[in-house]
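Visitor: Please see the structure below; I have some questions.
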There are 2 protein chains.
Amino acid sequence: MIKTPYLLFLGDAPDQLAAKVAQGIKDWRPDNAVGQFRMEGCKADVGLTDMTLAEAWDAGAKTLVIGVANRGGMISAAWKSVLIEAVEMGFDVASGLHNLLRDEADLAAAAAANGRTLHDVRIPSVKYPIANGVKRSGKRVLAVGTDCSVGKMYTALALDAAMKERGLKSSFRATGQTGILITGEGVPLDAVIADFMAGSIEYLTPDNDDDHWDIIEGQGSLFHVSYSGVTLALIHGGQPDALILCHEPTRSHMRGLPDYTPPSLEAVRDVALTLARVANPACEVVGVSVNTQHMSDADARAYLAKVEEEMGLPAVDPFRHGAERLAEALEAL
Amino acid sequence: MIKTPYLLFLGDAPDQLAAKVAQGIKDWRPDNAVGQFRMEGCKADVGLTDMTLAEAWDAGAKTLVIGVANRGGMISAAWKSVLIEAVEMGFDVASGLHNLLRDEADLAAAAAANGRTLHDVRIPSVKYPIANGVKRSGKRVLAVGTDCSVGKMYTALALDAAMKERGLKSSFRATGQTGILITGEGVPLDAVIADFMAGSIEYLTPDNDDDHWDIIEGQGSLFHVSYSGVTLALIHGGQPDALILCHEPTRSHMRGLPDYTPPSLEAVRDVALTLARVANPACEVVGVSVNTQHMSDADARAYLAKVEEEMGLPAVDPFRHGAERLAEALEAL
């Protein structure tokens, strides 16, 4: 568990998109961040107060979170001096970068000398069990996609917000680096050893109140040959009561796989439900979340209406129209 | 790749069953073993010539293979002295034990001093790629099970032997510890990091002659919630042209999961084929392999006849009746 609140490190971000982790924290857990730290030449701004390390420390910040992707995969000398200053001041540091904080000898030494923790959220910090398949109390919903990167995390975060707005008990359960940094905890599923994947999701979504919903962030797709095993471990480890199908209708091929055509929503529904019912015979598909960012507003509404009629399920773009109807569908289950 | 031929270390095996890795090597790759090494009190015998280390070395053995499960998970002092003597004499050592050879400081030091290799086949020794899904040349068949431990490795090894007997080109592709020790190479799939599972199977089964068959050892089951993700990675990484369904009909519940009923062969066929066709639209189920060890001969024959009629596929117990009919089915594809 990463200590909150955070100071968000934007470094020398070349553009706004590079700071999407910081933006996600600001959008979804604004109370987790006291401010942003920008270096000379930073082209991103997530709209928080600019602070020095000392100002953030005085404002109560406990962890400096790398909220930006690094160029060329290196942790630069300019970044490093800020990170070392931060641990010397008492901050922990958290990062989802491929290059691990712990592999930077000077930073690791400074953290050790000051008793601070470096959180590399790409790497599991827990020895997960093998899944036992035992039925757990509480309710769970999982976002499953026709492809990778279709908006599963966004859907889950929006649904969690909509559930809470209705006064329902819910927890967003992160399964990827960005989600873990946003919420401060979770399972970096793509880095878990094969035998323990489903067990890590059981660990992430333990027994809970009967009226509590875990909103589990999806990964990959049953139809994406590179990552489908990860998706199935989520379905079986999560033993979801409900599935939400996530889709991006303008793709001509699966992400990173030029020879693979995206499946239909119906195909994903059928195979995901068949497999989900192995772990939870009561599982139902309750809604469709469509990422319409590449469509006009009129086209998006027409597409959603068509999906809604064909599938007999509420279909929304949570970014454009909110996730209230998905929360309603869960409440009605 | 583990250097052959082997000397099979049976240690102080308490019974024959404990030596099943050695028995597998003797049964399936007899040319890979020059003899067996038994310590005082050993209760197993795989029927090879008993040899000292020096005799085996003179007979050309290159690797001492731990062919026995160890009691209590410890590598005992008695074993250790043999292993150290072996590396000092020039042997590599290979093991599929949970306790790693490399974690035994004295053994590791002796191996380093003598330039010998310790093969811990539970741990991947390769940095596998992420799967790219590109169609490969050559043919592949994968054993998929209704459950774990239903005879998928045996089926694949028997099929490989039957293919070779028919003069066809085939390679058994090991995906578990025992299979790796039997053949000297393979992927320990259950220990691979999630993101690289399917890629490891692409790596294991590369482009090949158009008339060559990779016989891929299956793992887990799409219906076993602990390991299903591993199974799906095999299906998508292997892009099989053919599936063989493996079944043990007398089980009342899934292995290790008392609340889970084994699926029907039809259910496994339908979902496995749907998923396999994502990676290879031409994939077909070509046969059924039934483990009838808990049935009388008459019951086994009656059961196989019933499956054959219901599924419209050849159904055999390769242990009792050989795998020729499965090889025929592949040849006819």
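In the structure tokens, chains take letters A, B, ... by order of appearance, with residues numbered from 1 within each chain and ligands from 1 in the order shown.
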Would you mind listing, as an NGL selection string, all residues of chain A that have at least one atom within 6 Å of chain B, where only C-alpha atoms are what counts?
Guide: :A and (131 or 190-195 or 198 or 225-226 or 229-230 or 232-233 or 236)
Visitor: With only C-alpha atoms as the counted atoms, please give the residues lying no more than 12 Å from A:Leu101, apart from itself and same-chain residues fewer than 2 positions off, as a count of residues only.
Guide: 35
Visitor: One decimal, in Å: what's the spacing between atom CA of A:Met254 and atom CA of A:Leu100?
Guide: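 These atoms are spaced 29.2 Å apart.
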Visitor: Could you tell me, as a list in words, which residues of stretch 203-301 of chain A DSSP assigns to strand (DSSP E or B) when given the backbone?
Guide: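 Output for stretch 203-301 of chain A, strand (DSSP E or B) only: His212, Trp213, Asp214, Ile215, Ile216, Ala242, Leu243, Ile244, Leu245, Cys246, His247, Met254, Leu257, Glu284, Val285, Val286, Gly287, Val288, Ser289 and Val290 of chain A.
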Visitor: Give the superposed chain B as an mmCIF file with C-alpha atoms, in the first residue's frame, the fit being least squares on chain A over all ordered C-alpha pairs.
Guide:
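Listed below is the output, part.cif:
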data_model
loop_
_atom_site.group_PDB
_atom_site.id
_atom_site.type_symbol
_atom_site.label_atom_id
_atom_site.label_comp_id
_atom_site.auth_asym_id
_atom_site.auth_seq_id
_atom_site.Cartn_x
_atom_site.Cartn_y
_atom_site.Cartn_z
ATOM 1 C CA MET B 1 0.023 -0.025 -0.030
ATOM 2 C CA ILE B 2 1.429 3.329 -1.122
ATOM 3 C CA LYS B 3 1.137 6.100 1.483
ATOM 4 C CA THR B 4 -1.117 9.011 0.525
ATOM 5 C CA PRO B 5 -1.386 11.870 -0.149
ATOM 6 C CA TYR B 6 0.973 12.209 -3.082
ATOM 7 C CA LEU B 7 3.015 14.882 -4.739
ATOM 8 C CA LEU B 8 2.731 14.207 -8.479
ATOM 9 C CA PHE B 9 6.050 14.361 -10.301
ATOM 10 C CA LEU B 10 5.573 15.589 -13.869
ATOM 11 C CA GLY B 11 9.311 16.023 -14.499
ATOM 12 C CA ASP B 12 10.122 17.423 -17.920
ATOM 13 C CA ALA B 13 7.056 15.887 -19.624
ATOM 14 C CA PRO B 14 7.239 16.692 -23.349
ATOM 15 C CA ASP B 15 3.461 16.993 -23.678
ATOM 16 C CA GLN B 16 0.236 16.535 -21.760
ATOM 17 C CA LEU B 17 -0.225 12.932 -22.895
ATOM 18 C CA ALA B 18 3.044 11.894 -21.250
ATOM 19 C CA ALA B 19 1.514 12.809 -17.875
ATOM 20 C CA LYS B 20 -1.474 10.492 -18.156
ATOM 21 C CA VAL B 21 -0.748 8.685 -14.876
ATOM 22 C CA ALA B 22 -0.766 12.024 -13.032
ATOM 23 C CA GLN B 23 -3.905 13.047 -14.899
ATOM 24 C CA GLY B 24 -5.575 9.787 -13.881
ATOM 25 C CA ILE B 25 -4.784 10.405 -10.218
ATOM 26 C CA LYS B 26 -6.046 13.985 -10.474
ATOM 27 C CA ASP B 27 -9.248 12.883 -12.248
ATOM 28 C CA TRP B 28 -10.122 9.862 -10.123
ATOM 29 C CA ARG B 29 -8.541 10.356 -6.713
ATOM 30 C CA PRO B 30 -8.056 14.137 -6.387
ATOM 31 C CA ASP B 31 -7.889 13.799 -2.613
ATOM 32 C CA ASN B 32 -4.793 11.630 -3.042
ATOM 33 C CA ALA B 33 -2.674 14.493 -4.434
ATOM 34 C CA VAL B 34 -1.641 17.730 -2.724
ATOM 35 C CA GLY B 35 0.062 19.222 -5.761
ATOM 36 C CA GLN B 36 2.268 18.756 -8.792
ATOM 37 C CA PHE B 37 6.047 19.081 -9.186
ATOM 38 C CA ARG B 38 7.222 20.353 -12.549
ATOM 39 C CA MET B 39 10.789 20.745 -13.739
ATOM 40 C CA GLU B 40 12.108 23.330 -16.130
ATOM 41 C CA GLY B 41 10.660 22.773 -19.606
ATOM 42 C CA CYS B 42 7.714 20.676 -18.430
ATOM 43 C CA LYS B 43 4.916 20.851 -21.034
ATOM 44 C CA ALA B 44 2.255 19.100 -18.957
ATOM 45 C CA ASP B 45 -0.071 20.556 -16.337
ATOM 46 C CA VAL B 46 -2.732 18.501 -14.584
ATOM 47 C CA GLY B 47 -4.205 21.577 -12.926
ATOM 48 C CA LEU B 48 -2.909 21.090 -9.390
ATOM 49 C CA THR B 49 -0.922 23.650 -7.369
ATOM 50 C CA ASP B 50 2.753 23.705 -8.320
ATOM 51 C CA MET B 51 4.812 22.870 -5.264
ATOM 52 C CA THR B 52 8.428 22.402 -4.290
ATOM 53 C CA LEU B 53 9.302 19.264 -2.381
ATOM 54 C CA ALA B 54 9.416 21.259 0.848
ATOM 55 C CA GLU B 55 6.011 22.851 0.234
ATOM 56 C CA ALA B 56 4.452 19.471 -0.505
ATOM 57 C CA TRP B 57 6.049 17.976 2.591
ATOM 58 C CA ASP B 58 4.587 20.769 4.695
ATOM 59 C CA ALA B 59 1.209 20.150 3.035
ATOM 60 C CA GLY B 60 1.345 16.557 4.290
ATOM 61 C CA ALA B 61 2.483 14.680 1.161
ATOM 62 C CA LYS B 62 3.993 11.285 1.967
ATOM 63 C CA THR B 63 4.899 9.862 -1.457
ATOM 64 C CA LEU B 64 6.363 11.348 -4.615
ATOM 65 C CA VAL B 65 4.594 9.556 -7.474
ATOM 66 C CA ILE B 66 6.157 9.493 -10.922
ATOM 67 C CA GLY B 67 3.158 10.644 -12.910
ATOM 68 C CA VAL B 68 4.874 10.812 -16.269
ATOM 69 C CA ALA B 69 6.328 8.431 -18.852
ATOM 70 C CA ASN B 70 10.064 8.816 -19.254
ATOM 71 C CA ARG B 71 11.713 9.383 -22.599
ATOM 72 C CA GLY B 72 13.908 6.608 -23.940
ATOM 73 C CA GLY B 73 13.232 4.464 -20.909
ATOM 74 C CA MET B 74 16.038 6.030 -18.856
ATOM 75 C CA ILE B 75 15.713 7.692 -15.475
ATOM 76 C CA SER B 76 17.680 10.841 -16.281
ATOM 77 C CA ALA B 77 20.233 12.533 -14.029
ATOM 78 C CA ALA B 78 17.923 15.537 -13.743
ATOM 79 C CA TRP B 79 15.070 13.361 -12.483
ATOM 80 C CA LYS B 80 17.380 11.443 -10.210
ATOM 81 C CA SER B 81 18.550 14.453 -8.265
ATOM 82 C CA VAL B 82 14.917 15.343 -7.488
ATOM 83 C CA LEU B 83 14.082 11.792 -6.436
ATOM 84 C CA ILE B 84 17.118 11.572 -4.164
ATOM 85 C CA GLU B 85 16.318 14.930 -2.594
ATOM 86 C CA ALA B 86 12.775 13.671 -2.005
ATOM 87 C CA VAL B 87 13.818 10.499 -0.149
ATOM 88 C CA GLU B 88 16.294 12.528 1.887
ATOM 89 C CA MET B 89 13.420 14.796 2.887
ATOM 90 C CA GLY B 90 11.293 11.817 3.979
ATOM 91 C CA PHE B 91 9.186 10.975 0.931
ATOM 92 C CA ASP B 92 8.614 7.463 -0.353
ATOM 93 C CA VAL B 93 8.744 7.267 -4.162
ATOM 94 C CA ALA B 94 6.336 5.267 -6.367
ATOM 95 C CA SER B 95 6.751 4.480 -10.038
ATOM 96 C CA GLY B 96 5.218 2.357 -12.766
ATOM 97 C CA LEU B 97 8.152 2.819 -15.139
ATOM 98 C CA HIS B 98 9.724 -0.171 -16.874
ATOM 99 C CA ASN B 99 13.079 0.917 -15.476
ATOM 100 C CA LEU B 100 12.899 0.176 -11.799
ATOM 101 C CA LEU B 101 13.679 2.708 -9.113
ATOM 102 C CA ARG B 102 15.397 -0.051 -7.132
ATOM 103 C CA ASP B 103 17.873 -0.577 -9.969
ATOM 104 C CA GLU B 104 19.202 2.981 -9.593
ATOM 105 C CA ALA B 105 22.035 2.363 -7.127
ATOM 106 C CA ASP B 106 22.337 5.931 -5.815
ATOM 107 C CA LEU B 107 18.594 6.297 -5.330
ATOM 108 C CA ALA B 108 18.316 2.885 -3.673
ATOM 109 C CA ALA B 109 21.176 3.770 -1.323
ATOM 110 C CA ALA B 110 19.591 7.085 -0.382
ATOM 111 C CA ALA B 111 16.243 5.403 0.262
ATOM 112 C CA ALA B 112 17.875 2.744 2.446
ATOM 113 C CA ALA B 113 19.880 5.333 4.377
ATOM 114 C CA ASN B 114 16.724 7.321 5.087
ATOM 115 C CA GLY B 115 14.415 4.381 5.744
ATOM 116 C CA ARG B 116 12.170 5.269 2.784
ATOM 117 C CA THR B 117 10.346 2.850 0.483
ATOM 118 C CA LEU B 118 10.710 2.750 -3.298
ATOM 119 C CA HIS B 119 7.506 1.318 -4.812
ATOM 120 C CA ASP B 120 8.055 -0.211 -8.249
ATOM 121 C CA VAL B 121 4.459 -1.089 -9.003
ATOM 122 C CA ARG B 122 5.357 -3.079 -12.129
ATOM 123 C CA ILE B 123 6.744 -5.807 -9.894
ATOM 124 C CA PRO B 124 4.595 -7.801 -7.478
ATOM 125 C CA SER B 125 5.510 -7.143 -3.865
ATOM 126 C CA VAL B 126 3.440 -10.050 -2.541
ATOM 127 C CA LYS B 127 3.864 -13.826 -2.823
ATOM 128 C CA TYR B 128 0.413 -14.670 -4.135
ATOM 129 C CA PRO B 129 -1.292 -18.005 -3.453
ATOM 130 C CA ILE B 130 -2.526 -20.496 -6.028
ATOM 131 C CA ALA B 131 -6.241 -19.905 -6.570
ATOM 132 C CA ASN B 132 -8.515 -22.190 -4.549
ATOM 133 C CA GLY B 133 -11.791 -21.280 -6.270
ATOM 134 C CA VAL B 134 -13.691 -21.061 -2.982
ATOM 135 C CA LYS B 135 -16.796 -18.879 -3.245
ATOM 136 C CA ARG B 136 -16.264 -15.502 -1.579
ATOM 137 C CA SER B 137 -18.843 -13.216 -0.019
ATOM 138 C CA GLY B 138 -19.588 -9.827 -1.575
ATOM 139 C CA LYS B 139 -20.171 -9.011 -5.245
ATOM 140 C CA ARG B 140 -17.734 -8.524 -8.097
ATOM 141 C CA VAL B 141 -17.944 -7.038 -11.563
ATOM 142 C CA LEU B 142 -15.230 -7.369 -14.196
ATOM 143 C CA ALA B 143 -14.657 -5.324 -17.353
ATOM 144 C CA VAL B 144 -13.876 -7.643 -20.293
ATOM 145 C CA GLY B 145 -12.823 -6.244 -23.630
ATOM 146 C CA THR B 146 -12.997 -7.122 -27.293
ATOM 147 C CA ASP B 147 -9.364 -5.944 -27.412
ATOM 148 C CA CYS B 148 -6.603 -4.395 -25.308
ATOM 149 C CA SER B 149 -6.711 -0.656 -24.578
ATOM 150 C CA VAL B 150 -10.400 -0.155 -25.257
ATOM 151 C CA GLY B 151 -11.164 1.664 -22.005
ATOM 152 C CA LYS B 152 -11.527 -1.067 -19.389
ATOM 153 C CA MET B 153 -9.738 0.900 -16.654
ATOM 154 C CA TYR B 154 -11.679 4.053 -17.417
ATOM 155 C CA THR B 155 -14.929 2.088 -17.384
ATOM 156 C CA ALA B 156 -14.139 0.515 -14.021
ATOM 157 C CA LEU B 157 -13.129 3.826 -12.451
ATOM 158 C CA ALA B 158 -16.224 5.577 -13.814
ATOM 159 C CA LEU B 159 -18.427 2.752 -12.608
ATOM 160 C CA ASP B 160 -16.847 2.869 -9.147
ATOM 161 C CA ALA B 161 -17.552 6.609 -8.995
ATOM 162 C CA ALA B 162 -21.137 6.133 -10.163
ATOM 163 C CA MET B 163 -21.709 3.383 -7.595
ATOM 164 C CA LYS B 164 -20.448 5.594 -4.793
ATOM 165 C CA GLU B 165 -22.613 8.441 -6.036
ATOM 166 C CA ARG B 166 -25.632 6.171 -5.677
ATOM 167 C CA GLY B 167 -24.581 5.474 -2.100
ATOM 168 C CA LEU B 168 -23.532 1.914 -2.870
ATOM 169 C CA LYS B 169 -20.444 0.231 -1.427
ATOM 170 C CA SER B 170 -17.778 -0.308 -4.032
ATOM 171 C CA SER B 171 -14.013 -0.584 -4.457
ATOM 172 C CA PHE B 172 -12.042 -0.160 -7.655
ATOM 173 C CA ARG B 173 -9.559 -3.054 -7.795
ATOM 174 C CA ALA B 174 -6.512 -2.175 -9.867
ATOM 175 C CA THR B 175 -4.756 -4.843 -11.952
ATOM 176 C CA GLY B 176 -2.327 -2.612 -13.876
ATOM 177 C CA GLN B 177 0.345 -0.036 -13.119
ATOM 178 C CA THR B 178 -1.718 3.086 -13.730
ATOM 179 C CA GLY B 179 -4.635 1.809 -11.685
ATOM 180 C CA ILE B 180 -2.294 0.850 -8.842
ATOM 181 C CA LEU B 181 -0.782 4.337 -8.749
ATOM 182 C CA ILE B 182 -4.234 5.926 -8.856
ATOM 183 C CA THR B 183 -5.553 3.972 -5.901
ATOM 184 C CA GLY B 184 -2.314 3.175 -4.063
ATOM 185 C CA GLU B 185 -2.726 -0.602 -4.220
ATOM 186 C CA GLY B 186 -3.509 -3.509 -6.519
ATOM 187 C CA VAL B 187 -1.975 -6.405 -8.424
ATOM 188 C CA PRO B 188 0.385 -5.848 -11.393
ATOM 189 C CA LEU B 189 -1.129 -8.885 -13.080
ATOM 190 C CA ASP B 190 0.963 -8.900 -16.239
ATOM 191 C CA ALA B 191 4.080 -9.389 -14.084
ATOM 192 C CA VAL B 192 2.702 -12.235 -11.965
ATOM 193 C CA ILE B 193 4.035 -15.783 -12.482
ATOM 194 C CA ALA B 194 1.643 -17.961 -14.479
ATOM 195 C CA ASP B 195 0.671 -20.369 -11.689
ATOM 196 C CA PHE B 196 -0.326 -17.550 -9.360
ATOM 197 C CA MET B 197 -2.329 -15.282 -11.691
ATOM 198 C CA ALA B 198 -5.813 -16.383 -10.653
ATOM 199 C CA GLY B 199 -4.689 -16.571 -7.028
ATOM 200 C CA SER B 200 -3.496 -12.973 -7.154
ATOM 201 C CA ILE B 201 -6.996 -11.889 -8.163
ATOM 202 C CA GLU B 202 -8.576 -13.908 -5.363
ATOM 203 C CA TYR B 203 -6.147 -12.105 -3.043
ATOM 204 C CA LEU B 204 -7.117 -8.733 -4.534
ATOM 205 C CA THR B 205 -10.858 -9.284 -4.114
ATOM 206 C CA PRO B 206 -11.349 -11.073 -0.780
ATOM 207 C CA ASP B 207 -14.515 -11.760 1.191
ATOM 208 C CA ASN B 208 -16.509 -8.602 1.727
ATOM 209 C CA ASP B 209 -19.917 -7.336 2.832
ATOM 210 C CA ASP B 210 -22.745 -8.994 0.932
ATOM 211 C CA ASP B 211 -23.762 -5.649 -0.577
ATOM 212 C CA HIS B 212 -20.227 -4.538 -1.482
ATOM 213 C CA TRP B 213 -19.047 -4.496 -5.103
ATOM 214 C CA ASP B 214 -15.460 -4.960 -6.207
ATOM 215 C CA ILE B 215 -15.078 -3.238 -9.566
ATOM 216 C CA ILE B 216 -12.207 -5.217 -11.099
ATOM 217 C CA GLU B 217 -10.061 -3.569 -13.755
ATOM 218 C CA GLY B 218 -9.829 -5.816 -16.804
ATOM 219 C CA GLN B 219 -6.702 -6.657 -18.805
ATOM 220 C CA GLY B 220 -6.191 -7.884 -22.356
ATOM 221 C CA SER B 221 -8.940 -9.813 -24.115
ATOM 222 C CA LEU B 222 -9.929 -13.454 -24.502
ATOM 223 C CA PHE B 223 -9.470 -12.763 -28.226
ATOM 224 C CA HIS B 224 -6.018 -11.151 -27.992
ATOM 225 C CA VAL B 225 -3.578 -14.022 -28.475
ATOM 226 C CA SER B 226 -0.703 -12.276 -26.685
ATOM 227 C CA TYR B 227 -2.535 -11.702 -23.402
ATOM 228 C CA SER B 228 -5.652 -13.901 -23.370
ATOM 229 C CA GLY B 229 -4.314 -16.084 -20.569
ATOM 230 C CA VAL B 230 -4.142 -13.040 -18.315
ATOM 231 C CA THR B 231 -7.770 -12.241 -19.121
ATOM 232 C CA LEU B 232 -8.954 -15.752 -18.301
ATOM 233 C CA ALA B 233 -7.092 -15.691 -14.983
ATOM 234 C CA LEU B 234 -9.021 -12.498 -14.165
ATOM 235 C CA ILE B 235 -12.315 -14.156 -15.048
ATOM 236 C CA HIS B 236 -11.625 -17.250 -12.955
ATOM 237 C CA GLY B 237 -9.802 -15.558 -10.080
ATOM 238 C CA GLY B 238 -12.361 -12.763 -9.912
ATOM 239 C CA GLN B 239 -15.385 -15.148 -10.012
ATOM 240 C CA PRO B 240 -17.453 -12.151 -11.145
ATOM 241 C CA ASP B 241 -21.204 -11.878 -10.602
ATOM 242 C CA ALA B 242 -21.382 -9.440 -13.492
ATOM 243 C CA LEU B 243 -19.426 -8.673 -16.647
ATOM 244 C CA ILE B 244 -19.323 -5.424 -18.563
ATOM 245 C CA LEU B 245 -18.248 -5.706 -22.177
ATOM 246 C CA CYS B 246 -15.841 -3.003 -23.361
ATOM 247 C CA HIS B 247 -15.432 -2.146 -27.024
ATOM 248 C CA GLU B 248 -13.831 0.306 -29.426
ATOM 249 C CA PRO B 249 -15.808 -0.002 -32.663
ATOM 250 C CA THR B 250 -13.487 1.736 -35.121
ATOM 251 C CA ARG B 251 -10.524 -0.631 -34.924
ATOM 252 C CA SER B 252 -9.631 -2.503 -38.073
ATOM 253 C CA HIS B 253 -7.390 -4.988 -36.287
ATOM 254 C CA MET B 254 -6.463 -6.142 -32.799
ATOM 255 C CA ARG B 255 -3.931 -3.918 -31.061
ATOM 256 C CA GLY B 256 -0.425 -4.948 -32.134
ATOM 257 C CA LEU B 257 -1.757 -7.852 -34.239
ATOM 258 C CA PRO B 258 -2.305 -6.645 -37.818
ATOM 259 C CA ASP B 259 -3.632 -10.042 -38.984
ATOM 260 C CA TYR B 260 -6.342 -10.341 -36.329
ATOM 261 C CA THR B 261 -9.834 -8.882 -36.720
ATOM 262 C CA PRO B 262 -11.554 -7.719 -33.528
ATOM 263 C CA PRO B 263 -14.363 -10.032 -32.422
ATOM 264 C CA SER B 264 -18.001 -9.029 -32.236
ATOM 265 C CA LEU B 265 -19.511 -8.074 -28.895
ATOM 266 C CA GLU B 266 -21.702 -11.163 -29.186
ATOM 267 C CA ALA B 267 -18.690 -13.441 -29.583
ATOM 268 C CA VAL B 268 -17.002 -11.970 -26.514
ATOM 269 C CA ARG B 269 -20.228 -12.158 -24.522
ATOM 270 C CA ASP B 270 -20.747 -15.827 -25.320
ATOM 271 C CA VAL B 271 -17.280 -17.135 -24.575
ATOM 272 C CA ALA B 272 -16.660 -14.863 -21.575
ATOM 273 C CA LEU B 273 -19.952 -15.869 -20.006
ATOM 274 C CA THR B 274 -19.355 -19.577 -20.616
ATOM 275 C CA LEU B 275 -15.983 -19.339 -18.896
ATOM 276 C CA ALA B 276 -17.138 -17.019 -16.113
ATOM 277 C CA ARG B 277 -19.908 -19.432 -15.175
ATOM 278 C CA VAL B 278 -17.318 -22.102 -14.400
ATOM 279 C CA ALA B 279 -16.355 -20.020 -11.358
ATOM 280 C CA ASN B 280 -19.732 -18.386 -10.754
ATOM 281 C CA PRO B 281 -22.787 -20.014 -12.355
ATOM 282 C CA ALA B 282 -24.878 -16.908 -11.591
ATOM 283 C CA CYS B 283 -22.694 -14.557 -13.632
ATOM 284 C CA GLU B 284 -24.514 -12.234 -16.057
ATOM 285 C CA VAL B 285 -23.430 -9.697 -18.658
ATOM 286 C CA VAL B 286 -25.056 -6.471 -17.483
ATOM 287 C CA GLY B 287 -23.924 -3.776 -19.874
ATOM 288 C CA VAL B 288 -21.696 -2.539 -22.667
ATOM 289 C CA SER B 289 -19.137 0.248 -22.419
ATOM 290 C CA VAL B 290 -18.158 1.707 -25.776
ATOM 291 C CA ASN B 291 -15.162 3.942 -26.355
ATOM 292 C CA THR B 292 -16.513 6.340 -29.005
ATOM 293 C CA GLN B 293 -13.593 8.766 -29.032
ATOM 294 C CA HIS B 294 -13.084 8.333 -32.781
ATOM 295 C CA MET B 295 -16.755 8.899 -33.636
ATOM 296 C CA SER B 296 -18.848 12.045 -33.948
ATOM 297 C CA ASP B 297 -21.414 12.643 -31.246
ATOM 298 C CA ALA B 298 -24.223 11.670 -33.612
ATOM 299 C CA ASP B 299 -22.434 8.529 -34.771
ATOM 300 C CA ALA B 300 -21.716 7.588 -31.182
ATOM 301 C CA ARG B 301 -25.347 7.927 -30.171
ATOM 302 C CA ALA B 302 -26.520 5.948 -33.184
ATOM 303 C CA TYR B 303 -23.969 3.217 -32.522
ATOM 304 C CA LEU B 304 -24.894 2.952 -28.847
ATOM 305 C CA ALA B 305 -28.593 2.732 -29.708
ATOM 306 C CA LYS B 306 -27.888 -0.049 -32.179
ATOM 307 C CA VAL B 307 -25.802 -2.025 -29.649
ATOM 308 C CA GLU B 308 -28.452 -1.527 -27.030
ATOM 309 C CA GLU B 309 -31.117 -2.934 -29.298
ATOM 310 C CA GLU B 310 -29.048 -5.826 -30.625
ATOM 311 C CA MET B 311 -27.648 -6.909 -27.269
ATOM 312 C CA GLY B 312 -30.622 -6.032 -25.069
ATOM 313 C CA LEU B 313 -28.226 -4.350 -22.635
ATOM 314 C CA PRO B 314 -27.527 -0.775 -21.576
ATOM 315 C CA ALA B 315 -24.736 0.598 -23.783
ATOM 316 C CA VAL B 316 -22.904 3.783 -22.813
ATOM 317 C CA ASP B 317 -19.696 5.655 -23.388
ATOM 318 C CA PRO B 318 -18.784 6.475 -19.786
ATOM 319 C CA PHE B 319 -16.414 9.225 -20.904
ATOM 320 C CA ARG B 320 -19.133 11.042 -22.828
ATOM 321 C CA HIS B 321 -22.245 10.061 -20.947
ATOM 322 C CA GLY B 322 -21.176 8.787 -17.526
ATOM 323 C CA ALA B 323 -21.512 5.298 -16.090
ATOM 324 C CA GLU B 324 -24.779 5.783 -14.196
ATOM 325 C CA ARG B 325 -26.682 3.311 -16.334
ATOM 326 C CA LEU B 326 -24.044 0.644 -15.691
ATOM 327 C CA ALA B 327 -24.294 1.288 -11.953
ATOM 328 C CA GLU B 328 -28.080 1.012 -12.223
ATOM 329 C CA ALA B 329 -27.713 -2.313 -13.968
ATOM 330 C CA LEU B 330 -25.479 -3.610 -11.181
ATOM 331 C CA GLU B 331 -27.837 -2.363 -8.510
ATOM 332 C CA ALA B 332 -30.719 -4.137 -10.229
ATOM 333 C CA LEU B 333 -28.874 -7.465 -10.385
#
